[in-house]
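Let me begin by presenting the structure, written as structure tokens, before commenting on it.
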Amino acid sequence: MKIGIIGTGSMSQSLGGAWTRAGHDVRIGGRRDGTLRAAAAHGELVLLAVPAPAAPLVAADLAGTLAGRIVLDCTNPIEPGPEGPMLTGSVPARIAEAAPEAAVVKAFNVCHASIWTLDPPVFEGVPLTVPYCAATRPAGERVAALIASMGCTAADCGGLDRAPYLEATAALAIGVWFAGGPVRAIFPEPAQR
């Protein structure tokens, strides 16, 4: 697949590396080097790896280029709260409003950037499961294929209206990590009882 990445931070670098290892054609664009539009034009899939508040603004600026493409949102709209990270509002719907001719998919937001550097991300012999919520079935199927190419298992969590649940899950997990708790112990398999 041809993938454009908007942003140059840790998620951009780690996911870009994972996708390159999986054999995809990746182009990263940054604000400082003026290559955002070129990266967006490069990809049939375009990852917005920018801070959550900036994602809808970047999508609006690139709306013409993003038309007909799948836009991946990996952001987590959280800010510090008195008892841990708090959601500040869901991002995918705002991206979809800003770039109405793109198919938005929420994915890759639940794991820390370091997880994507594992080749492949497997834990206790089980491939990492990557949840996603897609605006359209074809976009979801394409993203599921991308996830599978990384050695992971795709989990279709429904339409874009369900994306806030993925963001809430990430906020919960991040809060537990910062508190020093074991996130994996929150979701044990029933077979492990």
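Quick note on naming: the chains in the structure tokens go A, B, ... in the order shown, residues restart at 1 in each chain, and ligands are numbered from 1 in order of appearance.
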
Secondary structure check, helix (DSSP H, G or I) residues of segment 109-164 of chain A, as a VMD selection string: chain A and resid 113 to 117 137 to 149 160 to 164

Residue list (strand (DSSP E or B), DSSP) for segment 72-138 of chain A, as number ranges by chain: A: 72-73, 78-81, 84-87, 103-107, 122-123, 126-127, 129-134

Distance query Leu57 of chain A at most 12 Å, only C-alpha atoms, self and fewer than 2 positions along chain excluded, as a PyMOL selection string: chain A and resi 48+50-55+59-63+91-92+94-99

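Between atom CA of Ala170 of chain A and atom CA of Ala148 of chain A lies a distance of 21.1 Å.
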
Polymer residues at most 12 Å from Ile186 of chain A, only C-alpha atoms, same-chain spacing of 2 or more positions, as JSON, numbers by chain: {"A": [169, 172, 173, 176, 177, 181, 182, 183, 184, 188, 189, 190]}

Expected file: the selected residues, N, CA and C atoms, as a short mmCIF file (atom, residue, chain, number, x, y, z; two decimals), in the first residue's frame:
data_model
loop_
_atom_site.label_atom_id
_atom_site.label_comp_id
_atom_site.auth_asym_id
_atom_site.auth_seq_id
_atom_site.Cartn_x
_atom_site.Cartn_y
_atom_site.Cartn_z
N THR A 169 -11.06 4.16 25.93
CA THR A 169 -10.22 3.03 26.33
C THR A 169 -8.76 3.47 26.46
N LEU A 172 -8.30 5.56 29.63
CA LEU A 172 -8.26 4.69 30.80
C LEU A 172 -6.91 4.00 30.91
N ALA A 173 -6.43 3.42 29.80
CA ALA A 173 -5.15 2.70 29.82
C ALA A 173 -4.00 3.63 30.18
N VAL A 176 -3.97 4.34 33.85
CA VAL A 176 -3.47 3.19 34.63
C VAL A 176 -1.96 3.08 34.50
N TRP A 177 -1.42 3.26 33.29
CA TRP A 177 0.04 3.20 33.10
C TRP A 177 0.74 4.24 33.96
N GLY A 181 -0.01 0.95 37.26
CA GLY A 181 -0.81 -0.28 37.29
C GLY A 181 -0.63 -1.13 36.04
N PRO A 182 -0.95 -2.41 36.14
CA PRO A 182 -0.85 -3.33 34.98
C PRO A 182 -2.16 -3.32 34.18
N VAL A 183 -2.16 -2.65 33.05
CA VAL A 183 -3.35 -2.55 32.22
C VAL A 183 -3.85 -3.92 31.79
N ARG A 184 -2.96 -4.82 31.45
CA ARG A 184 -3.38 -6.14 30.96
C ARG A 184 -4.20 -6.89 31.99
N PRO A 188 -8.55 -9.59 31.63
CA PRO A 188 -8.14 -11.00 31.49
C PRO A 188 -9.14 -11.79 30.67
N GLU A 189 -8.64 -12.79 29.98
CA GLU A 189 -9.52 -13.69 29.21
C GLU A 189 -10.31 -14.55 30.19
N PRO A 190 -11.59 -14.82 29.91
CA PRO A 190 -12.36 -15.71 30.78
C PRO A 190 -11.70 -17.08 30.95
#

Residues of segment 88-127 of chain A at most 8 Å from segment 153-166 of chain A: nearest atom pair and distance in Å, only C-alpha atoms, as JSON lines:
{"residue": "A:Ser90", "atom": "CA", "partner": "A:Pro164", "partner_atom": "CA", "distance": 5.6}
{"residue": "A:Pro92", "atom": "CA", "partner": "A:Ala163", "partner_atom": "CA", "distance": 7.1}
{"residue": "A:Ala93", "atom": "CA", "partner": "A:Leu160", "partner_atom": "CA", "distance": 7.2}
{"residue": "A:Val104", "atom": "CA", "partner": "A:Leu160", "partner_atom": "CA", "distance": 7.5}
{"residue": "A:Val105", "atom": "CA", "partner": "A:Leu160", "partner_atom": "CA", "distance": 6.9}
{"residue": "A:Lys106", "atom": "CA", "partner": "A:Ala163", "partner_atom": "CA", "distance": 6.1}
{"residue": "A:Asn109", "atom": "CA", "partner": "A:Leu166", "partner_atom": "CA", "distance": 7.5}
{"residue": "A:Val110", "atom": "CA", "partner": "A:Leu166", "partner_atom": "CA", "distance": 7.0}
{"residue": "A:Pro127", "atom": "CA", "partner": "A:Thr153", "partner_atom": "CA", "distance": 6.3}

With only C-alpha atoms counted and 10 Å as the cut-off, give the residues of segment 127-163 of chain A in contact with segment 25-46 of chain A, each with its shortest interatomic distance in Å and the pair that gives it, as a Markdown table.
| residue | atom | partner | partner_atom | distance |
| --- | --- | --- | --- | --- |
| A:Ala139 | CA | A:Leu45 | CA | 9.1 |
| A:Arg142 | CA | A:Leu45 | CA | 8.8 |
| A:Val143 | CA | A:Leu45 | CA | 8.4 |
| A:Leu146 | CA | A:Leu45 | CA | 9.6 |

Mind writing the picked residues with all heavy atoms as an mmCIF file, in the first residue's frame?
data_model
loop_
_atom_site.group_PDB
_atom_site.id
_atom_site.type_symbol
_atom_site.label_atom_id
_atom_site.label_comp_id
_atom_site.auth_asym_id
_atom_site.auth_seq_id
_atom_site.Cartn_x
_atom_site.Cartn_y
_atom_site.Cartn_z
ATOM 1 N N ALA A 139 -13.294 1.115 3.647
ATOM 2 C CA ALA A 139 -12.154 1.709 4.359
ATOM 3 C C ALA A 139 -11.725 0.803 5.502
ATOM 4 O O ALA A 139 -10.528 0.580 5.722
ATOM 5 C CB ALA A 139 -12.513 3.095 4.873
ATOM 6 N N ARG A 142 -9.801 -2.184 4.203
ATOM 7 C CA ARG A 142 -8.443 -1.813 3.781
ATOM 8 C C ARG A 142 -7.525 -1.663 4.989
ATOM 9 O O ARG A 142 -6.378 -2.114 4.982
ATOM 10 C CB ARG A 142 -8.502 -0.513 2.966
ATOM 11 C CG ARG A 142 -7.267 -0.242 2.172
ATOM 12 C CD ARG A 142 -7.179 -1.182 0.988
ATOM 13 N NE ARG A 142 -6.039 -0.845 0.167
ATOM 14 C CZ ARG A 142 -5.184 -1.743 -0.316
ATOM 15 N NH1 ARG A 142 -5.361 -3.020 -0.087
ATOM 16 N NH2 ARG A 142 -4.165 -1.354 -1.050
ATOM 17 N N VAL A 143 -8.041 -1.045 6.043
ATOM 18 C CA VAL A 143 -7.252 -0.878 7.262
ATOM 19 C C VAL A 143 -7.026 -2.232 7.933
ATOM 20 O O VAL A 143 -5.944 -2.495 8.453
ATOM 21 C CB VAL A 143 -7.901 0.144 8.209
ATOM 22 C CG1 VAL A 143 -7.208 0.171 9.565
ATOM 23 C CG2 VAL A 143 -7.866 1.533 7.564
ATOM 24 N N LEU A 146 -4.164 -3.737 6.284
ATOM 25 C CA LEU A 146 -2.931 -3.080 6.730
ATOM 26 C C LEU A 146 -2.501 -3.645 8.084
ATOM 27 O O LEU A 146 -1.325 -3.973 8.293
ATOM 28 C CB LEU A 146 -3.144 -1.568 6.826
ATOM 29 C CG LEU A 146 -1.984 -0.749 7.398
ATOM 30 C CD1 LEU A 146 -0.752 -0.837 6.515
ATOM 31 C CD2 LEU A 146 -2.421 0.703 7.584
#

Got a sec: who's within 9 Å of Gly84 of chain A, counting only C-alpha atoms, leaving out chain neighbours fewer than 5 positions off, as a PDB file with N, CA and C atoms, in the first residue's frame?
ATOM      1  N   GLU A  79      -6.255  15.334  28.154  1.00  0.00           N
ATOM      2  CA  GLU A  79      -5.425  16.295  28.863  1.00  0.00           C
ATOM      3  C   GLU A  79      -5.402  15.878  30.329  1.00  0.00           C
ATOM      4  N   ALA A 171      -7.682   6.530  27.070  1.00  0.00           N
ATOM      5  CA  ALA A 171      -7.554   7.412  28.229  1.00  0.00           C
ATOM      6  C   ALA A 171      -7.476   6.597  29.515  1.00  0.00           C
ATOM      7  N   LEU A 172      -8.298   5.561  29.626  1.00  0.00           N
ATOM      8  CA  LEU A 172      -8.265   4.689  30.797  1.00  0.00           C
ATOM      9  C   LEU A 172      -6.908   4.003  30.912  1.00  0.00           C
ATOM     10  N   ILE A 174      -3.967   4.811  29.597  1.00  0.00           N
ATOM     11  CA  ILE A 174      -2.890   5.768  29.871  1.00  0.00           C
ATOM     12  C   ILE A 174      -2.899   6.153  31.346  1.00  0.00           C
ATOM     13  N   GLY A 175      -4.081   6.366  31.906  1.00  0.00           N
ATOM     14  CA  GLY A 175      -4.187   6.693  33.331  1.00  0.00           C
ATOM     15  C   GLY A 175      -3.653   5.577  34.205  1.00  0.00           C
ATOM     16  N   VAL A 176      -3.967   4.336  33.853  1.00  0.00           N
ATOM     17  CA  VAL A 176      -3.472   3.191  34.632  1.00  0.00           C
ATOM     18  C   VAL A 176      -1.959   3.076  34.500  1.00  0.00           C
ATOM     19  N   PHE A 178       0.247   5.487  33.901  1.00  0.00           N
ATOM     20  CA  PHE A 178       0.893   6.549  34.673  1.00  0.00           C
ATOM     21  C   PHE A 178       0.798   6.302  36.170  1.00  0.00           C
ATOM     22  N   ALA A 179      -0.247   5.627  36.605  1.00  0.00           N
ATOM     23  CA  ALA A 179      -0.390   5.292  38.030  1.00  0.00           C
ATOM     24  C   ALA A 179       0.448   4.080  38.409  1.00  0.00           C
TER      25      ALA A 179
END

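You will find atom CA of Ser12 of chain A at 22.3 Å from atom CA of Gly89 of chain A.
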
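In terms of minimum interatomic distance to Arg21 of chain A, A:Met150 ranks closest within A:Ala103, A:Cys133, A:Ala144, A:Met150, counting only C-alpha atoms.
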